[in-house]
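One structure is given below, encoded as structure tokens.
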Amino acid sequence: RISMLAFLGQIVTRAGIHLPGSIDFEGDSFSDYPNGLAAISGPDAIPQAGVGQIVLFVGLLELFVMKDVTGTGEFPGDFRNGFIDFGWDDFGPKTKLRKRAIELNNGRAAMMGILGLMMHEQIDGNPVVGVFLEY
């Protein structure tokens with residue numbers, strides 16, 4: 001799911017869509033920073049304290065939020081905790097297995113997609129998605 005979000009985030013920011021407002025107290029907006037890996041490393045990157053805050057926030061989510069609190073998860077990664085269902089319990093075993101396989105395959109495709117975007121970003125003179133936005 002992280003790769004799906006990363007791929008979508010890469011596409012959206014390359015299209016010029018950024019969050020409104022300021023990213024820090026100095027008044028820098030989200031669009032002032034570069035897209036992709038350049039936002040994390042490079043001369044115009046987000047300050048290291050900001051990257052540290054992101055890593056800390058994700059770590060806290062992993063440790064305290066994204067876990068099977070009730071112990072009733074049907075499979076690894078089932079974090080519903082008796083709260084969010086969206087009809088999952090109404091599906092039969094074959095449908096559940098098929099939907100889980102679809103989710104895994106989409107995740108694998110997103111992993112390959114974000115890896116491809118990251119690799120092309122490192123090639124000099126290759127604008128990745130930007131070339132398609134001019135059409």
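Chain identifiers are assigned as A, B, and so on, following the order in which chains appear in the structure tokens; residues are numbered from 1 within each chain, and ligands are numbered from 1 in order of appearance.
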inquiry  = Please list as number ranges by chain every residue within 12 Å of Ser22 of chain A, counting only C-alpha atoms and excluding residues in the same chain fewer than 4 positions away.
reply    = A: 18, 26-33
Dump as a PDB file, in the first residue's frame, selection limited to N, CA, C and O atoms:
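The file below, part-v4.pdb, is the result:
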```pdb
ATOM      1  N   HIS A  18       0.009  20.362  -5.656  1.00  0.00           N
ATOM      2  CA  HIS A  18       0.671  20.326  -4.350  1.00  0.00           C
ATOM      3  C   HIS A  18      -0.319  20.726  -3.273  1.00  0.00           C
ATOM      4  O   HIS A  18      -1.330  21.372  -3.551  1.00  0.00           O
ATOM      5  N   GLU A  26       8.695  29.410   8.140  1.00  0.00           N
ATOM      6  CA  GLU A  26       9.356  30.442   7.336  1.00  0.00           C
ATOM      7  C   GLU A  26       8.514  30.856   6.138  1.00  0.00           C
ATOM      8  O   GLU A  26       8.888  31.771   5.418  1.00  0.00           O
ATOM      9  N   GLY A  27       7.420  30.153   5.896  1.00  0.00           N
ATOM     10  CA  GLY A  27       6.526  30.508   4.799  1.00  0.00           C
ATOM     11  C   GLY A  27       6.788  29.781   3.495  1.00  0.00           C
ATOM     12  O   GLY A  27       6.202  30.128   2.468  1.00  0.00           O
ATOM     13  N   ASP A  28       7.672  28.783   3.498  1.00  0.00           N
ATOM     14  CA  ASP A  28       7.921  28.004   2.279  1.00  0.00           C
ATOM     15  C   ASP A  28       6.700  27.155   1.971  1.00  0.00           C
ATOM     16  O   ASP A  28       6.184  26.451   2.841  1.00  0.00           O
ATOM     17  N   SER A  29       6.249  27.200   0.738  1.00  0.00           N
ATOM     18  CA  SER A  29       5.083  26.397   0.366  1.00  0.00           C
ATOM     19  C   SER A  29       5.530  25.018  -0.098  1.00  0.00           C
ATOM     20  O   SER A  29       6.710  24.788  -0.381  1.00  0.00           O
ATOM     21  N   PHE A  30       4.598  24.113  -0.206  1.00  0.00           N
ATOM     22  CA  PHE A  30       4.911  22.750  -0.640  1.00  0.00           C
ATOM     23  C   PHE A  30       5.468  22.743  -2.058  1.00  0.00           C
ATOM     24  O   PHE A  30       6.297  21.917  -2.402  1.00  0.00           O
ATOM     25  N   SER A  31       5.004  23.667  -2.891  1.00  0.00           N
ATOM     26  CA  SER A  31       5.464  23.702  -4.278  1.00  0.00           C
ATOM     27  C   SER A  31       6.868  24.293  -4.413  1.00  0.00           C
ATOM     28  O   SER A  31       7.455  24.234  -5.487  1.00  0.00           O
ATOM     29  N   ASP A  32       7.427  24.864  -3.334  1.00  0.00           N
ATOM     30  CA  ASP A  32       8.783  25.406  -3.385  1.00  0.00           C
ATOM     31  C   ASP A  32       9.847  24.311  -3.403  1.00  0.00           C
ATOM     32  O   ASP A  32      10.991  24.581  -3.771  1.00  0.00           O
ATOM     33  N   TYR A  33       9.490  23.126  -3.011  1.00  0.00           N
ATOM     34  CA  TYR A  33      10.455  22.026  -2.956  1.00  0.00           C
ATOM     35  C   TYR A  33      10.322  21.161  -4.202  1.00  0.00           C
ATOM     36  O   TYR A  33       9.250  21.039  -4.779  1.00  0.00           O
TER      37      TYR A  33
END
```
task = Enumerate, as a PyMOL selection string, the complete set of residues in chain A that a backbone-based DSSP assignment places in helix (DSSP H, G or I).
result = chain A and resi 2-14+30-32+36-39+48-65+88-90+93-121+130-133
query = Using only C-alpha atoms, which residue out of A:Ile102, A:Met66, A:Met112, A:Leu61 lies closest to Met4 of chain A?
reply = A:Met112
request  = Skip segment 80-85 of chain A itself and residues of its chain fewer than 6 positions away, then list as a ChimeraX atom specification all residues within 9 Å of it, counting only C-alpha atoms.
outcome  = /A:67-73
key: Point-to-point distance from atom CA of Glu121 of chain A to atom CA of Ala39 of chain A, Å rounded to tenths   =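 Taking atom CA of Glu121 of chain A and atom CA of Ala39 of chain A, their separation equals 12.0 Å.
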Leaving out segment 48-59 of chain A and any residue of its chain fewer than 3 positions from it, which residues lie within 12 Å of it when counting only C-alpha atoms, given as a compact mmCIF listing (two decimals) with N, CA and C atoms, in the first residue's frame?
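Generated file (selection_29.txt):
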```txt
# COMPACT_ATOMS: atom_id res chain seq x y z
N ILE A 2 2.03 1.15 0.62
CA ILE A 2 2.94 2.29 0.63
C ILE A 2 3.40 2.60 -0.79
N ILE A 23 4.80 24.77 4.40
CA ILE A 23 5.34 23.53 4.96
C ILE A 23 6.11 23.81 6.24
N ASP A 24 6.50 25.08 6.46
CA ASP A 24 7.24 25.43 7.67
C ASP A 24 6.85 26.84 8.11
N PHE A 25 7.42 27.26 9.23
CA PHE A 25 7.10 28.58 9.79
C PHE A 25 7.75 29.72 9.02
N LEU A 37 12.76 12.15 -5.52
CA LEU A 37 13.89 11.96 -4.61
C LEU A 37 14.61 13.26 -4.31
N ALA A 39 13.38 15.90 -3.37
CA ALA A 39 12.78 16.52 -2.19
C ALA A 39 13.44 16.05 -0.90
N ILE A 40 14.10 14.89 -0.95
CA ILE A 40 14.73 14.33 0.23
C ILE A 40 16.24 14.59 0.25
N SER A 41 16.86 14.55 -0.92
CA SER A 41 18.30 14.77 -0.99
C SER A 41 18.60 15.74 -2.12
N GLY A 42 19.56 16.60 -1.88
CA GLY A 42 19.93 17.58 -2.90
C GLY A 42 19.96 18.98 -2.32
N PRO A 43 20.34 19.94 -3.15
CA PRO A 43 20.50 21.31 -2.64
C PRO A 43 19.19 21.99 -2.23
N ASP A 44 18.09 21.66 -2.87
CA ASP A 44 16.81 22.29 -2.57
C ASP A 44 15.89 21.39 -1.76
N ALA A 45 16.45 20.41 -1.08
CA ALA A 45 15.66 19.39 -0.37
C ALA A 45 15.00 19.95 0.88
N GLU A 62 3.49 2.81 12.73
CA GLU A 62 3.80 1.38 12.67
C GLU A 62 3.76 0.73 14.04
N LEU A 63 4.28 1.41 15.05
CA LEU A 63 4.36 0.83 16.39
C LEU A 63 3.05 0.83 17.15
N PHE A 64 2.26 1.89 17.00
CA PHE A 64 1.11 2.05 17.89
C PHE A 64 -0.26 2.02 17.21
N VAL A 65 -0.33 2.25 15.91
CA VAL A 65 -1.63 2.33 15.25
C VAL A 65 -1.88 1.15 14.33
N MET A 66 -0.95 0.86 13.45
CA MET A 66 -1.15 -0.16 12.43
C MET A 66 -0.79 -1.55 12.97
```
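Put simply, atom CA of Met119 of chain A is 27.0 Å away from atom CA of Ala101 of chain A.
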query = Mind pulling up the distance from atom CA of Gly113 of chain A to atom CA of Phe7 of chain A?
reply =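 Between these atoms lies a distance of 6.6 Å.
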